[in-house]
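S.K.: So here's work_7.cif (mmCIF, C-alpha atoms).
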```cif
data_coords
loop_
_atom_site.label_atom_id
_atom_site.label_comp_id
_atom_site.auth_asym_id
_atom_site.auth_seq_id
_atom_site.Cartn_x
_atom_site.Cartn_y
_atom_site.Cartn_z
CA MET E 223 236.48 -45.67 -11.55
CA GLN E 224 234.79 -44.26 -8.44
CA ASN E 225 237.75 -45.24 -6.26
CA VAL E 226 240.14 -43.56 -8.70
CA LEU E 227 238.02 -40.39 -8.77
CA ILE E 228 237.86 -40.28 -4.97
CA LEU E 229 241.58 -40.86 -4.45
CA THR E 230 242.56 -38.35 -7.15
CA SER E 231 240.34 -35.65 -5.65
CA SER E 232 241.67 -36.34 -2.15
CA LEU E 233 245.28 -36.17 -3.33
CA LEU E 234 244.68 -32.88 -5.16
CA ILE E 235 243.21 -31.28 -2.03
CA ALA E 236 246.06 -32.71 0.06
CA ALA E 237 248.58 -31.13 -2.32
CA LEU E 238 246.72 -27.81 -2.12
CA LEU E 239 246.69 -27.86 1.69
CA LEU E 240 250.41 -28.61 1.76
CA TYR E 241 251.22 -25.74 -0.64
CA PRO E 242 253.48 -23.47 1.45
CA ARG E 243 251.92 -20.16 0.39
CA LEU E 244 248.54 -21.40 1.60
CA SER E 245 249.53 -23.42 4.66
CA ARG E 246 251.69 -20.61 6.05
CA ALA E 247 249.26 -17.76 5.31
CA PRO E 248 248.06 -16.21 8.62
CA LEU E 249 244.48 -15.83 7.40
CA TRP E 250 244.25 -19.48 6.32
CA ARG E 251 245.77 -20.68 9.60
CA ALA E 252 243.22 -18.57 11.49
CA THR E 253 240.43 -19.94 9.29
CA MET E 254 241.39 -23.55 9.96
CA THR E 255 240.23 -23.45 13.60
CA PRO E 256 236.58 -22.39 13.04
CA LEU E 257 236.39 -24.38 9.78
CA ALA E 258 237.46 -27.55 11.60
CA SER E 259 234.75 -27.04 14.20
CA ILE E 260 231.97 -26.31 11.71
CA ILE E 261 232.54 -29.24 9.35
CA GLY E 262 233.70 -31.70 11.97
CA SER E 263 231.31 -34.15 13.52
CA GLY E 264 228.19 -32.46 12.16
CA PHE E 265 229.16 -33.36 8.62
CA LEU E 266 229.01 -37.08 9.43
CA VAL E 267 225.54 -37.18 10.96
CA LEU E 268 223.75 -34.30 9.25
CA GLY E 269 223.38 -35.82 5.77
CA PRO E 270 221.39 -38.92 6.80
CA ILE E 271 219.30 -36.88 9.27
CA LEU E 272 218.23 -34.34 6.65
CA HIS E 273 217.74 -37.02 3.99
CA GLN E 274 215.44 -39.15 6.15
CA SER E 275 213.39 -36.29 7.62
CA TRP E 276 213.15 -33.79 4.76
CA GLY E 277 213.93 -35.71 1.56
CA ALA E 278 214.00 -33.44 -1.49
CA SER E 279 213.57 -30.38 0.77
CA ALA E 280 216.81 -31.15 2.65
CA PRO E 281 218.84 -28.50 0.73
CA LEU E 282 216.35 -25.82 1.85
CA VAL E 283 216.72 -26.89 5.48
CA MET E 284 220.51 -26.89 5.10
CA ALA E 285 220.39 -23.39 3.62
CA ALA E 286 218.25 -22.22 6.56
CA LEU E 287 220.72 -23.70 9.08
CA CYS E 288 223.64 -21.97 7.35
CA ALA E 289 221.73 -18.66 7.16
CA GLY E 290 220.95 -18.85 10.88
CA ALA E 291 224.60 -19.59 11.66
CA TRP E 292 225.69 -16.63 9.50
CA ALA E 293 223.31 -14.30 11.37
CA PHE E 294 224.65 -15.39 14.77
CA GLY E 295 228.17 -15.10 13.34
CA ALA E 296 227.43 -11.50 12.34
CA ALA E 297 226.53 -10.69 15.96
CA ILE E 298 229.77 -12.23 17.22
CA ARG E 299 231.79 -10.42 14.53
CA SER E 300 230.22 -7.15 15.70
CA ASN E 301 231.33 -7.96 19.24
CA ILE E 302 234.89 -8.69 18.07
CA ALA E 303 235.06 -5.33 16.28
CA HIS E 304 233.63 -3.32 19.20
CA ARG E 305 235.70 -5.03 21.85
CA SER E 306 238.90 -4.01 20.05
CA THR E 307 237.96 -0.32 19.69
CA GLU E 308 236.05 0.83 22.77
CA PRO E 309 235.81 0.28 26.55
CA ARG E 310 233.21 -2.25 27.65
CA PRO E 311 230.20 -1.01 29.68
CA MET E 312 229.08 -2.89 32.78
CA ILE E 313 226.06 -4.54 31.11
CA GLU E 314 228.28 -5.97 28.39
CA GLN E 315 230.72 -7.33 30.96
CA LYS E 316 227.88 -9.06 32.84
CA LEU E 317 226.44 -10.52 29.63
CA GLU E 318 229.91 -11.69 28.61
CA THR E 319 230.42 -13.45 31.94
CA ALA E 320 227.04 -15.18 31.58
CA ALA E 321 227.92 -16.16 28.00
CA SER E 322 231.22 -17.64 29.16
CA TRP E 323 229.47 -19.79 31.76
CA VAL E 324 226.97 -20.99 29.15
CA LEU E 325 229.81 -21.73 26.71
CA SER E 326 231.65 -23.80 29.31
CA PHE E 327 228.45 -25.80 29.88
CA ALA E 328 227.99 -26.19 26.11
CA TYR E 329 231.55 -27.53 25.87
CA VAL E 330 230.69 -30.22 28.43
CA ILE E 331 227.83 -31.45 26.24
CA SER E 332 229.77 -31.11 23.00
CA VAL E 333 232.60 -33.31 24.33
CA ALA E 334 229.97 -35.99 25.09
CA TYR E 335 228.66 -35.52 21.55
CA TYR E 336 232.12 -35.89 19.98
CA LEU E 337 233.13 -38.93 22.02
CA ASN E 338 229.81 -40.71 21.54
CA LEU E 339 230.31 -40.33 17.80
CA PHE E 340 233.87 -41.59 18.29
CA GLY E 341 232.47 -44.69 20.01
CA ALA E 342 229.82 -45.30 17.36
CA PHE E 343 232.23 -44.94 14.43
CA GLY E 344 234.98 -46.81 16.28
CA VAL E 345 232.96 -50.04 16.38
CA SER E 346 231.03 -49.50 13.13
CA LEU E 347 233.23 -51.69 10.90
CA THR E 348 233.81 -54.41 13.51
CA SER E 349 231.84 -57.40 14.77
CA TYR E 350 231.09 -55.39 17.95
CA ASP E 351 228.86 -52.86 16.20
CA ASP E 352 226.22 -52.30 18.87
CA ALA E 353 225.23 -49.62 21.38
CA LEU E 354 226.86 -51.32 24.38
CA HIS E 355 230.33 -51.61 22.83
CA ALA E 356 230.07 -48.07 21.45
CA GLN E 357 229.29 -46.79 24.96
CA LEU E 358 232.16 -48.80 26.44
CA LEU E 359 234.59 -47.33 23.89
CA THR E 360 233.24 -43.83 24.57
CA SER E 361 233.67 -44.33 28.32
CA ALA E 362 237.24 -45.53 27.82
CA MET E 363 238.03 -42.40 25.80
CA PHE E 364 236.57 -40.18 28.52
CA LEU E 365 238.82 -41.85 31.10
CA LEU E 366 241.85 -41.53 28.78
CA ILE E 367 241.21 -37.81 28.32
CA LEU E 368 240.79 -37.35 32.07
CA GLY E 369 244.05 -39.20 32.74
CA VAL E 370 246.03 -37.23 30.15
CA GLY E 371 244.53 -33.88 31.21
CA TRP E 372 245.00 -34.55 34.92
CA LEU E 373 248.56 -35.86 34.72
CA ARG E 374 250.18 -34.10 31.77
CA GLY E 375 247.88 -31.50 30.24
CA PHE E 376 246.80 -31.31 26.62
CA ASP E 377 249.60 -29.27 25.04
CA ALA E 378 251.08 -32.17 23.10
CA LEU E 379 247.72 -33.53 21.97
CA GLU E 380 246.47 -30.11 20.86
CA ARG E 381 249.21 -30.04 18.21
CA LEU E 382 247.26 -32.75 16.39
CA GLU E 383 244.55 -30.25 15.46
CA GLN E 384 246.10 -28.98 12.24
CA VAL E 385 246.80 -32.54 11.05
CA THR E 386 243.24 -33.71 11.74
CA VAL E 387 241.78 -30.65 10.01
CA GLY E 388 243.75 -31.52 6.89
CA VAL E 389 242.64 -35.16 7.08
CA LYS E 390 239.00 -34.10 7.32
CA LEU E 391 239.22 -31.77 4.33
CA VAL E 392 240.96 -34.42 2.24
CA VAL E 393 238.32 -37.04 3.08
CA ILE E 394 235.49 -34.58 2.43
CA ALA E 395 236.97 -33.80 -1.00
CA GLY E 396 236.99 -37.51 -1.81
CA LEU E 397 233.46 -37.93 -0.47
CA LEU E 398 232.08 -35.05 -2.55
CA ALA E 399 233.85 -36.34 -5.66
CA GLY E 400 232.42 -39.81 -5.11
CA LEU E 401 228.94 -38.41 -4.50
CA ALA E 402 229.15 -36.28 -7.64
CA GLY E 403 230.11 -39.33 -9.71
CA TYR E 404 227.28 -41.36 -8.18
CA PHE E 405 224.82 -38.50 -8.77
CA VAL E 406 225.77 -38.39 -12.47
CA THR E 407 225.34 -42.17 -12.73
CA GLN E 408 221.90 -42.00 -11.10
CA THR E 409 220.90 -39.12 -13.38
CA GLN E 410 221.90 -41.03 -16.50
CA ALA E 411 219.92 -44.05 -15.29
CA GLY E 412 216.86 -41.89 -14.57
CA ALA E 413 217.03 -43.02 -10.94
CA LEU E 414 217.13 -39.71 -9.06
CA GLN E 415 214.83 -39.64 -6.02
CA ILE E 416 212.27 -36.94 -5.20
CA ILE E 417 211.30 -37.81 -1.62
CA PRO E 418 208.60 -35.72 0.11
CA PRO E 419 209.30 -34.42 3.65
CA GLN E 420 208.43 -36.88 6.40
CA VAL E 421 207.84 -34.25 9.08
CA SER E 422 205.24 -31.52 9.61
CA LEU E 423 206.00 -27.80 9.46
CA TRP E 424 206.17 -27.53 13.28
CA GLN E 425 208.37 -30.63 13.52
CA SER E 426 210.61 -29.16 10.82
CA LEU E 427 211.05 -26.04 12.93
CA THR E 428 211.79 -27.77 16.23
CA LEU E 429 213.99 -30.47 14.70
CA GLY E 430 215.90 -27.80 12.79
CA PHE E 431 216.44 -25.93 16.08
CA GLY E 432 217.87 -29.16 17.50
CA LEU E 433 220.50 -29.30 14.74
CA ILE E 434 222.18 -25.92 15.28
CA VAL E 435 225.22 -27.64 16.79
CA THR E 436 225.98 -29.25 13.41
CA VAL E 437 226.86 -25.80 11.98
CA GLN E 438 228.35 -24.50 15.24
CA GLY E 439 232.03 -23.71 15.65
CA PHE E 440 232.42 -20.34 13.94
CA GLU E 441 232.52 -18.65 17.37
CA THR E 442 236.01 -20.05 17.99
CA SER E 443 237.40 -17.16 15.89
CA ARG E 444 236.44 -14.87 18.76
CA TYR E 445 238.88 -16.61 21.11
CA LEU E 446 242.00 -16.36 18.94
CA SER E 447 242.96 -12.87 20.15
CA GLU E 448 246.34 -14.00 21.47
CA SER E 449 247.42 -14.97 17.94
CA TYR E 450 245.43 -12.71 15.58
CA ASP E 451 244.05 -9.18 15.53
CA ALA E 452 240.35 -8.37 15.24
CA ARG E 453 240.41 -7.91 11.45
CA VAL E 454 241.94 -11.34 10.83
CA ARG E 455 239.58 -13.03 13.31
CA ILE E 456 236.53 -11.47 11.65
CA ARG E 457 237.71 -12.48 8.18
CA SER E 458 238.61 -15.97 9.38
CA MET E 459 235.04 -16.48 10.61
CA GLN E 460 233.59 -15.19 7.34
CA TRP E 461 235.85 -17.47 5.28
CA ALA E 462 235.14 -20.49 7.49
CA GLN E 463 231.38 -19.97 7.25
CA THR E 464 231.51 -19.38 3.49
CA ILE E 465 233.62 -22.48 2.78
CA SER E 466 231.55 -24.68 5.09
CA THR E 467 228.30 -23.42 3.55
CA VAL E 468 229.50 -24.30 0.05
CA ILE E 469 230.63 -27.76 1.22
CA TYR E 470 227.40 -28.46 3.10
CA MET E 471 225.14 -27.30 0.26
CA ILE E 472 226.93 -29.45 -2.34
CA TYR E 473 226.94 -32.44 0.01
CA ILE E 474 223.27 -32.24 1.00
CA THR E 475 222.05 -31.52 -2.54
CA LEU E 476 223.87 -34.54 -3.96
CA LEU E 477 222.73 -36.76 -1.09
CA ALA E 478 219.09 -35.65 -1.12
CA TYR E 479 218.38 -36.74 -4.70
CA ALA E 480 220.76 -39.65 -5.29
CA PHE E 481 219.53 -42.08 -2.60
CA ALA E 482 216.30 -43.96 -2.05
CA PRO E 483 214.25 -43.28 1.12
CA ALA E 484 215.87 -44.68 4.25
CA THR E 485 214.08 -47.48 6.07
CA GLY E 486 214.22 -48.49 9.72
CA VAL E 487 215.64 -46.61 12.69
CA LEU E 488 218.19 -43.91 11.85
CA SER E 489 221.70 -44.67 13.11
CA GLU E 490 224.40 -42.12 13.89
CA THR E 491 226.69 -44.06 11.52
CA ALA E 492 224.14 -44.28 8.69
CA ILE E 493 226.49 -42.35 6.41
CA ILE E 494 228.82 -45.37 6.27
CA ALA E 495 226.18 -47.67 4.76
CA MET E 496 225.14 -44.94 2.31
CA MET E 497 228.69 -44.29 1.15
CA ALA E 498 229.43 -48.02 0.79
CA VAL E 499 226.99 -47.90 -2.14
CA VAL E 500 229.03 -45.09 -3.73
CA ALA E 501 232.48 -46.69 -3.47
CA PRO E 502 234.08 -49.48 -1.38
CA ILE E 503 236.90 -47.21 -0.25
CA LEU E 504 234.70 -44.53 1.34
CA PRO E 505 233.58 -46.29 4.57
CA ALA E 506 237.16 -46.84 5.77
CA MET E 507 238.10 -43.25 4.84
CA LEU E 508 235.09 -41.88 6.72
CA VAL E 509 235.78 -43.93 9.84
CA GLY E 510 239.43 -42.85 9.88
CA ALA E 511 238.47 -39.19 9.49
CA ALA E 512 235.72 -39.54 12.11
CA LEU E 513 238.00 -41.00 14.76
CA SER E 514 240.72 -38.38 14.32
CA ALA E 515 238.21 -35.52 14.09
CA GLN E 516 236.18 -36.49 17.15
CA PHE E 517 239.25 -37.10 19.30
CA SER E 518 240.90 -33.78 18.42
CA ALA E 519 237.60 -31.88 18.85
CA ALA E 520 237.02 -33.51 22.25
CA ILE E 521 240.54 -32.54 23.35
CA ALA E 522 240.04 -28.93 22.20
CA ASP E 523 236.68 -28.52 23.96
CA THR E 524 237.84 -30.27 27.14
CA SER E 525 240.82 -27.94 27.31
CA GLY E 526 238.60 -24.94 26.51
CA ALA E 527 236.04 -25.84 29.17
CA GLY E 528 238.72 -26.40 31.81
CA GLY E 529 240.38 -23.09 31.06
CA LEU E 530 237.09 -21.19 31.03
CA ILE E 531 235.91 -22.62 34.34
CA ALA E 532 239.26 -21.92 35.99
CA GLU E 533 239.14 -18.34 34.70
CA LEU E 534 235.51 -17.74 35.71
CA THR E 535 236.06 -19.11 39.24
CA ARG E 536 239.39 -17.27 39.56
CA SER E 537 241.14 -20.63 39.94
CA ARG E 538 238.99 -21.70 42.89
CA VAL E 539 238.15 -24.62 40.60
CA SER E 540 241.30 -25.72 38.80
CA SER E 541 241.41 -26.90 35.20
CA ARG E 542 242.09 -30.46 36.40
CA GLN E 543 239.04 -30.40 38.69
CA ALA E 544 236.97 -29.04 35.80
CA TYR E 545 238.14 -31.94 33.61
CA ALA E 546 236.87 -34.36 36.25
CA VAL E 547 233.45 -32.66 36.37
CA LEU E 548 233.28 -32.67 32.57
CA VAL E 549 234.13 -36.37 32.36
CA GLY E 550 231.58 -37.24 35.05
CA ALA E 551 228.86 -35.33 33.19
CA GLY E 552 229.94 -36.86 29.89
CA LEU E 553 229.75 -40.40 31.25
CA ALA E 554 226.29 -39.69 32.65
CA LEU E 555 225.12 -38.45 29.24
CA THR E 556 226.72 -41.43 27.49
CA TRP E 557 224.80 -43.97 29.53
CA SER E 558 221.50 -42.07 29.75
CA ALA E 559 221.01 -40.55 26.28
CA ASP E 560 221.61 -41.44 22.64
CA VAL E 561 223.67 -39.38 20.21
CA PHE E 562 220.65 -37.61 18.72
CA GLN E 563 219.47 -36.50 22.16
CA ILE E 564 222.97 -35.24 22.97
CA ILE E 565 223.01 -33.32 19.65
CA ALA E 566 219.76 -31.59 20.66
CA TYR E 567 221.10 -30.78 24.15
CA ALA E 568 224.28 -29.31 22.66
CA SER E 569 222.27 -27.29 20.12
CA ARG E 570 220.17 -25.76 22.87
CA ALA E 571 223.23 -24.88 24.95
CA PHE E 572 225.02 -23.23 22.03
CA ALA E 573 221.80 -21.42 21.02
CA LEU E 574 221.66 -19.87 24.50
CA TYR E 575 225.29 -18.77 24.10
CA TYR E 576 224.48 -17.23 20.71
CA ALA E 577 221.44 -15.47 22.20
CA LEU E 578 223.68 -13.83 24.80
CA GLN E 579 226.21 -12.82 22.14
CA ALA E 580 223.38 -11.27 20.10
CA ALA E 581 222.20 -9.40 23.21
CA ILE E 582 225.74 -8.04 23.64
CA ALA E 583 225.74 -6.91 19.99
CA ALA E 584 222.37 -5.17 20.56
CA SER E 585 223.83 -3.26 23.54
CA HIS E 586 226.45 -1.42 21.45
CA ARG E 587 225.61 2.27 21.31
CA ASP E 588 227.25 3.45 18.06
CA GLN E 589 224.93 1.66 15.62
CA SER E 590 221.61 2.25 13.89
CA ALA E 591 218.25 1.45 15.44
CA LEU E 592 217.77 -1.13 12.68
CA ARG E 593 220.87 -3.05 13.78
CA VAL E 594 219.87 -2.89 17.43
CA THR E 595 216.44 -4.28 16.54
CA ALA E 596 217.93 -7.00 14.36
CA TYR E 597 220.36 -8.17 17.05
CA ALA E 598 217.65 -8.03 19.73
CA GLY E 599 215.41 -10.14 17.49
CA LEU E 600 218.29 -12.56 16.97
CA ALA E 601 218.70 -12.86 20.75
CA VAL E 602 215.01 -13.77 21.08
CA PHE E 603 215.41 -16.26 18.23
CA GLY E 604 218.34 -17.88 20.04
CA LEU E 605 216.25 -18.21 23.20
CA ALA E 606 213.46 -19.83 21.16
CA ILE E 607 215.93 -22.38 19.78
CA ALA E 608 217.19 -23.12 23.30
CA VAL E 609 213.64 -23.76 24.52
CA LEU E 610 212.07 -25.52 21.52
CA GLY E 611 214.88 -27.59 19.96
CA THR E 612 214.06 -31.33 19.89
CA PRO E 613 216.06 -34.45 18.91
CA ILE E 614 215.52 -36.67 15.87
CA GLU E 615 213.58 -39.76 16.95
#
```
Using structure tokens, write down the structure from this file.
M.R.:
Amino acid sequence: MQNVLILTSSLLIAALLLYPRLSRAPLWRATMTPLASIIGSGFLVLGPILHQSWGASAPLVMAALCAGAWAFGAAIRSNIAHRSTEPRPMIEQKLETAASWVLSFAYVISVAYYLNLFGAFGVSLTSYDDALHAQLLTSAMFLLILGVGWLRGFDALERLEQVTVGVKLVVIAGLLAGLAGYFVTQTQAGALQIIPPQVSLWQSLTLGFGLIVTVQGFETSRYLSESYDARVRIRSMQWAQTISTVIYMIYITLLAYAFAPATGVLSETAIIAMMAVVAPILPAMLVGAALSAQFSAAIADTSGAGGLIAELTRSRVSSRQAYAVLVGAGLALTWSADVFQIIAYASRAFALYYALQAAIAASHRDQSALRVTAYAGLAVFGLAIAVLGTPIE
């Protein structure tokens, strides 16, 4: 019955996504880009992390992460609106340049994050499920991306984005349906779990800071100006954050109370073992979605980093040279850090980018003192995340 429920739910969402009035709507197409980034790789690792560290309090932590993301999104939406209506003062231009450099650095780390997850999930259902083979697969993917980017560019591969977004949403629909069915079964059996948090208040704060990257991605709406006007980009970010928040809250709430406490060392692919208990079909679906999602996200961020660096250096460093630097840094991270450390590094890099965006929002003149104070406080908060964020052990 669980398999039937999962497949039916997935097919219904697939039919909805293929409905012409939705798939061709400009607002939905604009929403797909930030939505794909927000619920991409983070969705796969976040559930087990929150479940093991916070137990029954996991939904509260998830709500706090989403609220923080919404606040930073509000600062970026303010910048989108102001940039389209008024000339930019010198201080804003300098902050924007600094933010672009930080974002290009964050992309370097996020590509390592995506491809290390690709490696871990790629070997997870094979007899080679160990750290060494995952690192070898990750390294091979880095070299493939470098070869494609250096020789041919990413135009053809970037067209895969819309397909992989659809695949992810279809799999997530099946996953949530399966979890809901399992939750009902556990409720009827009186087997729901109320697990106390396993971390202190200070650890909760610093570990939460280290997970910002799992709700990151909404900022991509800001860089769609060639295709959409400011109003559509602002609404696309709001829709993407709203939809992802609903998905995350349902997912974490069901997960937090339906499963017994985890034992042993947390693995980046722990979600596969958890979902195997729900339905036999889910592990294969999750691995398929993970591989397509991580590959397309890595392509998008590699391309974005290369373009940004070329623009910032006025082509003194070409996109191809930037790809080589990115791959070198990614390989170094792959062989020197685990996925959870890379997640924390990426969170800190994106938090610094968000702090700069909040500082830009605070510099706008035509707003109330309350807004200026709020954005300035948000900038300080972003700096605190960048300094204090720590990885899950």
S.K.: Write out as a PyMOL selection string each polymer residue whose atoms come within 7 Å of Tyr575 of chain E, counting only C-alpha atoms; drop sequence neighbours fewer than 5 positions from it.
M.R.: chain E and resi 321+324-325
S.K.: Report the residues retrieved by the PyMOL selection byres ((chain E and resi 304) around 12) from the displayed file, expressed as a list in words.
M.R.: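 This file gives the following for the PyMOL selection byres ((chain E and resi 304) around 12): Ala297, Ile298, Arg299, Ser300, Asn301, Ile302, Ala303, Arg305, Ser306, Thr307, Glu308, Pro309, Arg310, Pro311, Glu314, Arg444, Ala452, Arg453, Ile456, Ile582, Ala583, Ala584, Ser585, His586, Arg587, Asp588 and Gln589 of chain E.
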S.K.: Just how far from atom CA of Ala402 of chain E is atom CA of Ala480 of chain E, in Å to one decimal?
M.R.: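 That distance, rounded to one decimal, is 9.3 Å.
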S.K.: Might you pull out every residue within 10 Å of Val387 of chain E, with all atoms listed in the file counted and same-chain residues fewer than 4 positions away left off, and present them as a PyMOL selection string?
M.R.: chain E and resi 254-255+257-259+261-262+382-383+391-392+511+514-515+518-519
S.K.: Take the residues from that selection and write them out as a compact mmCIF listing (two decimals), in the frame of the given file, keeping C-alpha atoms.
M.R.:
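To be explicit, this is the file written out as selection33.txt:
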```txt
# COMPACT_ATOMS: atom_id res chain seq x y z
CA MET E 254 241.39 -23.55 9.96
CA THR E 255 240.23 -23.45 13.60
CA LEU E 257 236.39 -24.38 9.78
CA ALA E 258 237.46 -27.55 11.60
CA SER E 259 234.75 -27.04 14.20
CA ILE E 261 232.54 -29.24 9.35
CA GLY E 262 233.70 -31.70 11.97
CA LEU E 382 247.26 -32.75 16.39
CA GLU E 383 244.55 -30.25 15.46
CA LEU E 391 239.22 -31.77 4.33
CA VAL E 392 240.96 -34.42 2.24
CA ALA E 511 238.47 -39.19 9.49
CA SER E 514 240.72 -38.38 14.32
CA ALA E 515 238.21 -35.52 14.09
CA SER E 518 240.90 -33.78 18.42
CA ALA E 519 237.60 -31.88 18.85
```
S.K.: Name the closest residue to Ala286 of chain E among the candidates E:Tyr567, E:Tyr576, E:Phe431, E:Phe562; distances are taken between atoms, counting only C-alpha atoms.
M.R.: E:Phe431
S.K.: Here's the selection I'm unsure about, the PyMOL selection byres ((chain E and resi 463) around 10); applied to the file above, which residues does it give, as a PyMOL selection string?
M.R.: chain E and resi 253+256-257+260-261+288-289+291-292+295+437-440+457-462+464-469
S.K.: Now that the selection is made, can you save its residues with C-alpha atoms as a tab-separated table (two decimals), keeping the file's coordinate frame?
M.R.:
```tsv
chain	number	residue	atom	x	y	z
E	253	THR	CA	240.43	-19.94	9.29
E	256	PRO	CA	236.58	-22.39	13.04
E	257	LEU	CA	236.39	-24.38	9.78
E	260	ILE	CA	231.97	-26.31	11.71
E	261	ILE	CA	232.54	-29.24	9.35
E	288	CYS	CA	223.64	-21.97	7.35
E	289	ALA	CA	221.73	-18.66	7.16
E	291	ALA	CA	224.60	-19.59	11.66
E	292	TRP	CA	225.69	-16.63	9.50
E	295	GLY	CA	228.17	-15.10	13.34
E	437	VAL	CA	226.86	-25.80	11.98
E	438	GLN	CA	228.35	-24.50	15.24
E	439	GLY	CA	232.03	-23.71	15.65
E	440	PHE	CA	232.42	-20.34	13.94
E	457	ARG	CA	237.71	-12.48	8.18
E	458	SER	CA	238.61	-15.97	9.38
E	459	MET	CA	235.04	-16.48	10.61
E	460	GLN	CA	233.59	-15.19	7.34
E	461	TRP	CA	235.85	-17.47	5.28
E	462	ALA	CA	235.14	-20.49	7.49
E	464	THR	CA	231.51	-19.38	3.49
E	465	ILE	CA	233.62	-22.48	2.78
E	466	SER	CA	231.55	-24.68	5.09
E	467	THR	CA	228.30	-23.42	3.55
E	468	VAL	CA	229.50	-24.30	0.05
E	469	ILE	CA	230.63	-27.76	1.22
```
S.K.: For atom CA of Leu359 of chain E and atom CA of Ser275 of chain E, determine how far apart the two atoms are, in Å to one decimal place.
M.R.: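 Between atom CA of Leu359 of chain E and atom CA of Ser275 of chain E the gap is 28.9 Å.
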S.K.: Assuming the chain letters and numbering stay as they are in my file, what does the PyMOL selection byres ((chain E and resi 283) around 10) actually select? List them as an MDAnalysis selection string.
M.R.: chainID E and resid 272 276 278:282 284:289 426:427 430 471 474
S.K.: Show which residues sit within 12 Å of His355 of chain E, as a VMD selection string. Count all atoms listed in the file, and ignore same-chain residues fewer than 6 positions away.
M.R.: chain E and resid 338 340 to 346 348 to 349 361 to 362 556 to 557
S.K.: Take every atom of segment 488-502 of chain E listed in the file, pad by 3 Å on each side, and give me the axis-aligned box centre and edge lengths in Å, one decimal, as AutoDock Vina command-line options.
M.R.:
```
--center_x 226.1 --center_y -45.8 --center_z 5.1 --size_x 21.9 --size_y 13.4 --size_z 23.6
```
S.K.: I'd like the neighbourhood of Ala399 of chain E as a list in words, where a residue qualifies if any of its atoms comes within 8 Å (using only C-alpha atoms), though same-chain residues fewer than 6 positions away should be ignored.
M.R.: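 The residues that qualify are Leu227, Ile228 and Ser231 of chain E.
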S.K.: Compare E:Thr524, E:Gln579, E:Thr612, E:Thr436 by their minimum atom-to-atom distance to Lys316 of chain E, counting all atoms listed in the file, and give me the closest one.
M.R.: E:Gln579
S.K.: Could you tell me how far atom CA of Val385 of chain E sits from atom CA of Ala573 of chain E, in Å to one decimal place?
M.R.: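 Atom-to-atom, atom CA of Ala573 of chain E to atom CA of Val385 of chain E, that is 29.1 Å.
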S.K.: Select, from E:Lys390, E:Leu401, E:Trp424, E:Gly528, the residue with the minimum atom-to-atom distance to Ala236 of chain E, counting only C-alpha atoms.
M.R.: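 Going through E:Lys390, E:Leu401, E:Trp424, E:Gly528 one by one, the smallest distance to Ala236 of chain E is for E:Lys390.
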S.K.: With only C-alpha atoms as the counted atoms, please give the residues lying no more than 10 Å from segment 503-506 of chain E, apart from itself and same-chain residues fewer than 3 positions off, as a list in words.
M.R.: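 The residues that qualify are Gln224, Asn225, Val226, Ile228, Leu229, Ser346, Leu347, Val393, Gly396, Leu397, Gly400, Ile493, Ile494, Ala495, Met496, Met497, Ala498, Val499, Val500, Val509, Gly510, Ala511 and Ala512 of chain E.
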S.K.: With segment 551-554 of chain E as the partner and 10 Å as the cut-off, tabulate the residues of segment 243-352 of chain E that qualify, each row holding the nearest pair of atoms and their distance in Å to one decimal, using only C-alpha atoms, sorted by chain and rising number, as a Markdown table.
M.R.:
```
| residue | atom | partner | partner_atom | distance |
| --- | --- | --- | --- | --- |
| E:Val330 | CA | E:Gly552 | CA | 6.8 |
| E:Ile331 | CA | E:Gly552 | CA | 6.9 |
| E:Ser332 | CA | E:Gly552 | CA | 9.0 |
| E:Val333 | CA | E:Gly552 | CA | 7.1 |
| E:Ala334 | CA | E:Gly552 | CA | 4.9 |
| E:Tyr335 | CA | E:Gly552 | CA | 8.5 |
| E:Leu337 | CA | E:Gly552 | CA | 8.7 |
| E:Asn338 | CA | E:Gly552 | CA | 9.2 |
```
S.K.: Give the answer as one residue: which of E:Leu414, E:Val406, E:Val454, E:Ala492 has the shortest atom-to-atom distance to Ala247 of chain E, using all atoms listed in the file?
M.R.: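 Counting all atoms listed in the file, the residue closest to Ala247 of chain E is E:Val454.
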S.K.: Could you check the closest approach to Ala356 of chain E for each of E:Val561, E:Ile416, E:Val594, E:Ala532 and tell me which residue wins, using all atoms listed in the file?
M.R.: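 Closest to Ala356 of chain E of all the choices is E:Val561.
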